[in-house]
Amino acid sequence: VRNSPTVRPSCCCAYRLRMIDHVRHDQARHAFVIDADGAESILEYQLQDGIIDLYHTEVPVAHRGKGLAKHLCTAAFEHARAHSLKVRPSCSYVSNTFLPRHPDYASLVVQSASS
């Protein structure tokens, strides 16, 4: 919870659930960011003509497998939904891993000309 001091719970599941609260939208960098234990996880995007192109996700090796990329993507898709944007999932993690696991976001995905 944002108003309480940051406390890392002993249960990793609780930690994962709370991580979405720690995603920040860095508009100047065109990125969604999580700072965890001095390391930065990032989902970068470009915004043009009502389409947010999610083109690069990076999570430090020491933090992989903790669900950080999922939380970055969730924040980006929720941002797109809230601002009536379409999403272009150029990043392979977004298109090949996140979207198949979260089909509820499929309606936000822009269809390519070749589809």
# chains A, B, ... in the order shown; residues from 1 in each chain; ligands from 1
call {"tool": "residues_around", "arguments": {"residues": "Phe32 in chain A", "least_positions_apart": "5", "cutoff": "9 Å", "atoms": "only C-alpha atoms", "output": "list of chain:residue names"}}
result
A:Val23, A:Arg24, A:His25, A:Asp26, A:Gln27, A:Ser41, A:Ile42, A:Leu43, A:Glu44, A:Tyr45, A:Leu72, A:Cys73, A:Ala75, A:Ala76
call {"tool": "select_by_dssp", "arguments": {"residues": "range 12-79 of chain A", "states": "strand (DSSP E or B)", "output": "PyMOL selection string"}}
result
chain A and resi 24-26+31-36+39-48+51-58
call {"tool": "atom_distance", "arguments": {"atom1": "CA of Ser107 in chain A", "atom2": "CA of Val33 in chain A"}}
result
24.0 Å
call {"tool": "closest_residue", "arguments": {"among": "A:Thr57, A:Arg81, A:Arg64, A:His71", "to": "Tyr105 in chain A", "atoms": "only C-alpha atoms"}}
result
A:Arg81
call {"tool": "residues_around", "arguments": {"residues": "Leu54 in chain A", "least_positions_apart": "5", "cutoff": "7 Å", "atoms": "only C-alpha atoms", "output": "list of chain:residue names"}}
result
A:Glu44, A:Tyr45, A:Gln46, A:Arg88, A:Pro89, A:Ser90, A:Cys91
call {"tool": "closest_residue", "arguments": {"among": "A:Lys70, A:His22, A:His63, A:Lys86", "to": "Leu47 in chain A", "atoms": "only C-alpha atoms"}}
result
A:Lys86
call {"tool": "atom_distance", "arguments": {"atom1": "CA of Pro60 in chain A", "atom2": "CA of Leu108 in chain A"}}
result
27.7 Å
call {"tool": "atom_distance", "arguments": {"atom1": "CA of Arg29 in chain A", "atom2": "CA of Leu68 in chain A"}}
result
18.5 Å
call {"tool": "select_by_dssp", "arguments": {"residues": "range 20-85 of chain A", "states": "alpha helix (DSSP H)", "output": "MDAnalysis selection string"}}
result
chainID A and resid 68:82
call {"tool": "write_last_selection", "arguments": {"atoms": "N, CA, C and O atoms", "output": "PDB file, in the first residue's frame"}}
result
ATOM      1  N   LEU A  68       8.144  -9.622 -12.157  1.00  0.00           N
ATOM      2  CA  LEU A  68       8.286  -8.180 -12.381  1.00  0.00           C
ATOM      3  C   LEU A  68       7.863  -7.775 -13.792  1.00  0.00           C
ATOM      4  O   LEU A  68       7.191  -6.757 -13.969  1.00  0.00           O
ATOM      5  N   ALA A  69       8.252  -8.543 -14.795  1.00  0.00           N
ATOM      6  CA  ALA A  69       7.861  -8.219 -16.175  1.00  0.00           C
ATOM      7  C   ALA A  69       6.340  -8.242 -16.321  1.00  0.00           C
ATOM      8  O   ALA A  69       5.757  -7.384 -16.985  1.00  0.00           O
ATOM      9  N   LYS A  70       5.707  -9.197 -15.674  1.00  0.00           N
ATOM     10  CA  LYS A  70       4.234  -9.273 -15.700  1.00  0.00           C
ATOM     11  C   LYS A  70       3.620  -8.008 -15.118  1.00  0.00           C
ATOM     12  O   LYS A  70       2.676  -7.444 -15.671  1.00  0.00           O
ATOM     13  N   HIS A  71       4.172  -7.527 -13.997  1.00  0.00           N
ATOM     14  CA  HIS A  71       3.634  -6.329 -13.371  1.00  0.00           C
ATOM     15  C   HIS A  71       3.870  -5.087 -14.228  1.00  0.00           C
ATOM     16  O   HIS A  71       3.004  -4.208 -14.304  1.00  0.00           O
ATOM     17  N   LEU A  72       5.000  -5.031 -14.895  1.00  0.00           N
ATOM     18  CA  LEU A  72       5.252  -3.914 -15.819  1.00  0.00           C
ATOM     19  C   LEU A  72       4.227  -3.926 -16.950  1.00  0.00           C
ATOM     20  O   LEU A  72       3.658  -2.890 -17.295  1.00  0.00           O
ATOM     21  N   CYS A  73       3.993  -5.106 -17.509  1.00  0.00           N
ATOM     22  CA  CYS A  73       3.020  -5.222 -18.602  1.00  0.00           C
ATOM     23  C   CYS A  73       1.608  -4.889 -18.137  1.00  0.00           C
ATOM     24  O   CYS A  73       0.869  -4.192 -18.839  1.00  0.00           O
ATOM     25  N   THR A  74       1.235  -5.380 -16.975  1.00  0.00           N
ATOM     26  CA  THR A  74      -0.098  -5.083 -16.441  1.00  0.00           C
ATOM     27  C   THR A  74      -0.279  -3.582 -16.294  1.00  0.00           C
ATOM     28  O   THR A  74      -1.316  -3.026 -16.684  1.00  0.00           O
ATOM     29  N   ALA A  75       0.728  -2.907 -15.759  1.00  0.00           N
ATOM     30  CA  ALA A  75       0.638  -1.452 -15.608  1.00  0.00           C
ATOM     31  C   ALA A  75       0.499  -0.764 -16.961  1.00  0.00           C
ATOM     32  O   ALA A  75      -0.302   0.164 -17.119  1.00  0.00           O
ATOM     33  N   ALA A  76       1.247  -1.223 -17.951  1.00  0.00           N
ATOM     34  CA  ALA A  76       1.181  -0.619 -19.286  1.00  0.00           C
ATOM     35  C   ALA A  76      -0.186  -0.841 -19.931  1.00  0.00           C
ATOM     36  O   ALA A  76      -0.768   0.084 -20.512  1.00  0.00           O
ATOM     37  N   PHE A  77      -0.709  -2.052 -19.825  1.00  0.00           N
ATOM     38  CA  PHE A  77      -2.024  -2.328 -20.419  1.00  0.00           C
ATOM     39  C   PHE A  77      -3.132  -1.587 -19.684  1.00  0.00           C
ATOM     40  O   PHE A  77      -4.078  -1.100 -20.321  1.00  0.00           O
ATOM     41  N   GLU A  78      -3.038  -1.478 -18.383  1.00  0.00           N
ATOM     42  CA  GLU A  78      -4.044  -0.715 -17.633  1.00  0.00           C
ATOM     43  C   GLU A  78      -3.962   0.769 -17.978  1.00  0.00           C
ATOM     44  O   GLU A  78      -4.975   1.449 -18.068  1.00  0.00           O
ATOM     45  N   HIS A  79      -2.758   1.260 -18.195  1.00  0.00           N
ATOM     46  CA  HIS A  79      -2.575   2.654 -18.638  1.00  0.00           C
ATOM     47  C   HIS A  79      -3.233   2.839 -20.010  1.00  0.00           C
ATOM     48  O   HIS A  79      -3.952   3.822 -20.228  1.00  0.00           O
ATOM     49  N   ALA A  80      -2.988   1.901 -20.915  1.00  0.00           N
ATOM     50  CA  ALA A  80      -3.587   1.977 -22.250  1.00  0.00           C
ATOM     51  C   ALA A  80      -5.114   1.970 -22.161  1.00  0.00           C
ATOM     52  O   ALA A  80      -5.788   2.777 -22.803  1.00  0.00           O
ATOM     53  N   ARG A  81      -5.652   1.088 -21.345  1.00  0.00           N
ATOM     54  CA  ARG A  81      -7.102   1.003 -21.180  1.00  0.00           C
ATOM     55  C   ARG A  81      -7.660   2.315 -20.625  1.00  0.00           C
ATOM     56  O   ARG A  81      -8.657   2.837 -21.120  1.00  0.00           O
ATOM     57  N   ALA A  82      -7.027   2.859 -19.614  1.00  0.00           N
ATOM     58  CA  ALA A  82      -7.503   4.086 -18.970  1.00  0.00           C
ATOM     59  C   ALA A  82      -7.435   5.297 -19.885  1.00  0.00           C
ATOM     60  O   ALA A  82      -8.196   6.249 -19.713  1.00  0.00           O
TER      61      ALA A  82
END
call {"tool": "closest_residue", "arguments": {"among": "A:Val87, A:Glu40, A:Gln111, A:Asp49", "to": "Val61 in chain A", "atoms": "only C-alpha atoms"}}
result
A:Glu40
